[in-house]
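This report concerns only the one structure given below.
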Amino acid sequence: MADKITEAKAAVALVLGAISSALGWFGWLMVLYIFSMVADWITGSAAAMKNGEWSSTRSKDGIWHKVGSIIIVMVAAMFDVLIGSLINHIPGITLPFTYNIILCPVVTVWYMVAELGSIAENAAKLGAPVPGFLRKAIQTLHEITDATGEAMTRAEHEKENKPEQE
């Protein structure tokens with residue numbers, strides 16, 4: 001029996017190791033993002049059923065909302081590819097790093113934090129007490145993610161609109 005358990009643990013470790021090798025940190029971020037969307041939909045449906053508020057129209061609207069967020073994450077990924085292609089292939093521009101991805105992880109985290117907040121709200125509607133510090137941590141991370149995205153675009157905007165000095 002112990003040998004079977006050891007074999008099962010080894011198999012799980014092998015699969016997770018292969019996934020990590022193939023996907024890296026960003027892949028795991030995407031896995032967590034998809035998992036958080038599914039968990040939000042399930043907990044939201046459960047909370048609506050418990051409170052007698054479930055409707056197929058609202059459920060479909062929630063799914064369409066999630067499809068829209070996936071599209072925005074894909075747009076951010078395409079934007080990263082576009083910017084990376086331009087920056088890394090323009091003659092005369094030498095950066096101390098190779099641009100890979102910047103915007104897509106920030107957008108993904110922004111959506112994921114919103115999903116986590118929604119899951120916590122749904123859990124509260126199901127009757128689970130939600131610690132105030134968890135709510136505050138989710139809100140703080142959402143604000144930090146917003147500030148990071150705004151800082152990234154503000155720096156570019158300020159460079160574009162800065163009057164030339166003579």
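Identifiers for the structure tokens are assigned positionally: chains receive A, B, ... in sequence, residues are indexed from 1 per chain, and ligands are indexed from 1 in the order shown.
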Checklist line | Surrounding residues of range 28-38 of chain A excluding itself and chain neighbours under 2 positions, 10 Å, only C-alpha atoms, as a PyMOL selection string | finding: chain A and resi 19-20+22-26+40-44+62-63+66-67+69-70+73+105+108-116+118-119
Margin query: Using DSSP assignments from the backbone, pull out every residue in chain A that falls under helix (DSSP H, G or I) and give it to me as an MDAnalysis selection string.
Written below: chainID A and resid 2:50 56:89 103:125 132:161
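Interatomic distance, CA of Ser59 in chain A against CA of Gln139 in chain A: 25.0 Å.
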Check: In Å, with one decimal, what is the gap from CA of Val75 in chain A to CA of Pro96 in chain A?
Finding: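 Calculated distance between CA of Val75 in chain A and CA of Pro96 in chain A is 26.0 Å.
Take the candidates A:Met74, A:Ala120, A:Ala13, A:Ala2 and check each one against Ala39 in chain A using only C-alpha atoms; the shortest distance goes to A:Ala120.
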Notebook entry, point to check: When distances are computed from only C-alpha atoms, which of A:Cys104, A:Trp54, A:Tyr99, A:Leu86 shows the smallest separation from Ile71 in chain A?
Noted result: A:Cys104
